[in-house]
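Beneath this line is the structure, given in structure tokens, with notes to follow.
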Amino acid sequence: MNENTAAVLAALIGVAGALGGAFMGAWMQRRATLEQIAAQERAEQRGQLRTDRRASYAEVMDAAERFIASLDDIVAARRAGAGSPGSAGGWEQLREESQAAMRMLRRAIWNVRVAGPEDMADLAKGIYDVNRRRFEIAFDRALTFEEMDERLDRENAEFRQERSRFVAGAQHLLGNGGS
């Protein structure tokens with residue numbers, strides 16, 4: 001091989017190397033950009049899921065608080081001697097307010113089931129179950145005020161425990177407290 005041929009061959013190898021390097025660099029840059037975009041999308045999805053979960057968990061607490069307010073109205077009416085829950089008067093309105101709060105809580109539980117995880121929906125269902133028992137006690141015609149009050153005290157303690165478990169689960173899942 002003569003010197004000119006070797007120089008041309010070396011130049012061609014150099015050009016091919018430069019082109020190959022440029023193409024490889026562009027390919028690697030494109031791949032890195034696509035990976036960055038995918039990672040950003042995953043982070044946005046996690047953020048949206050967290051936002052959705054926070055909203056659904058807050059909805060459970062709002063519904064529970066609404067029920068507590070309606071239950072307080074029932075207890076106050078019974079304390080004032082407004083007749084038995086089966087008698088006429090404002091009892092139907094009080095019953096409807098409590099039932100509306102319970103329906104709101106059921107819808108909130110479904111939202112938690114959608115947002116997940118399932119164990120949080122189970123904790124929310126525990127809040128619903130204890131509130132259902134509290135509702136039945138408050139409207140039990142056979143109970144005197146004192147009997148109703150005593151039974152509600154026990155259920156109120158259970159409610160506080162259920163609510164604490166739900167809040168602790170939400171805090172743990174959302175990463176803002178709890179153990």
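Labels for the structure tokens follow display order: chains A, B, ..., residues from 1 in each chain, ligands from 1.
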May I have the residues within 12 Å of Glu150 (chain A) as a list in words, using only C-alpha atoms and disregarding those fewer than 6 positions away in the same chain?
-> Val75, Arg134, Ile137, Ala138, Leu143, Thr144, Asn156 and Ala157 of chain A
Show me, as JSON lines, the residues of region 85-138 of chain A having an atom within 6 Å of region 53-58 of chain A, each with the closest atom pair and its distance in Å, using only C-alpha atoms.
{"residue": "A:Asn111", "atom": "CA", "partner": "A:Ser56", "partner_atom": "CA", "distance": 5.7}
{"residue": "A:Val112", "atom": "CA", "partner": "A:Ser56", "partner_atom": "CA", "distance": 5.4}
{"residue": "A:Ala115", "atom": "CA", "partner": "A:Arg53", "partner_atom": "CA", "distance": 5.4}
Measure the distance from CA of Gln171 (chain A) to CA of Ala124 (chain A) in Å and round it to one decimal.
->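 Here the two named atoms are 13.8 Å from each other.
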Take CA of Met61 (chain A) and CA of Gly126 (chain A) and report the distance between them in Å, one decimal.
->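 A separation of 12.4 Å between them.
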Long-range neighbours of Gln99 (chain A) as a list in words, 9 Å cut-off, only C-alpha atoms, 4 positions minimum in chain |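 Close residues of Gln99 (chain A): Phe67, Leu94, Arg95, Arg103, Met104 and Phe135 of chain A.
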Got time to write the residues from that selection, N, CA, C and O atoms, as a PDB file, in the first residue's frame?
ATOM      1  N   PHE A  67     -71.650  13.848  60.050  1.00  0.00           N
ATOM      2  CA  PHE A  67     -72.481  12.924  60.815  1.00  0.00           C
ATOM      3  C   PHE A  67     -72.426  13.257  62.302  1.00  0.00           C
ATOM      4  O   PHE A  67     -73.444  13.228  62.989  1.00  0.00           O
ATOM      5  N   LEU A  94     -84.078  15.545  61.399  1.00  0.00           N
ATOM      6  CA  LEU A  94     -82.841  15.079  62.022  1.00  0.00           C
ATOM      7  C   LEU A  94     -82.398  13.744  61.425  1.00  0.00           C
ATOM      8  O   LEU A  94     -81.211  13.530  61.143  1.00  0.00           O
ATOM      9  N   ARG A  95     -83.366  12.858  61.214  1.00  0.00           N
ATOM     10  CA  ARG A  95     -83.064  11.551  60.619  1.00  0.00           C
ATOM     11  C   ARG A  95     -82.511  11.743  59.207  1.00  0.00           C
ATOM     12  O   ARG A  95     -81.519  11.124  58.833  1.00  0.00           O
ATOM     13  N   ARG A 103     -74.878   8.761  53.696  1.00  0.00           N
ATOM     14  CA  ARG A 103     -74.738   8.571  52.238  1.00  0.00           C
ATOM     15  C   ARG A 103     -73.460   9.239  51.734  1.00  0.00           C
ATOM     16  O   ARG A 103     -72.740   8.683  50.904  1.00  0.00           O
ATOM     17  N   MET A 104     -73.175  10.416  52.262  1.00  0.00           N
ATOM     18  CA  MET A 104     -71.950  11.124  51.899  1.00  0.00           C
ATOM     19  C   MET A 104     -70.725  10.286  52.286  1.00  0.00           C
ATOM     20  O   MET A 104     -69.761  10.181  51.515  1.00  0.00           O
ATOM     21  N   PHE A 135     -76.024   5.757  64.829  1.00  0.00           N
ATOM     22  CA  PHE A 135     -77.303   6.213  64.278  1.00  0.00           C
ATOM     23  C   PHE A 135     -78.443   5.355  64.830  1.00  0.00           C
ATOM     24  O   PHE A 135     -79.475   5.878  65.277  1.00  0.00           O
TER      25      PHE A 135
END
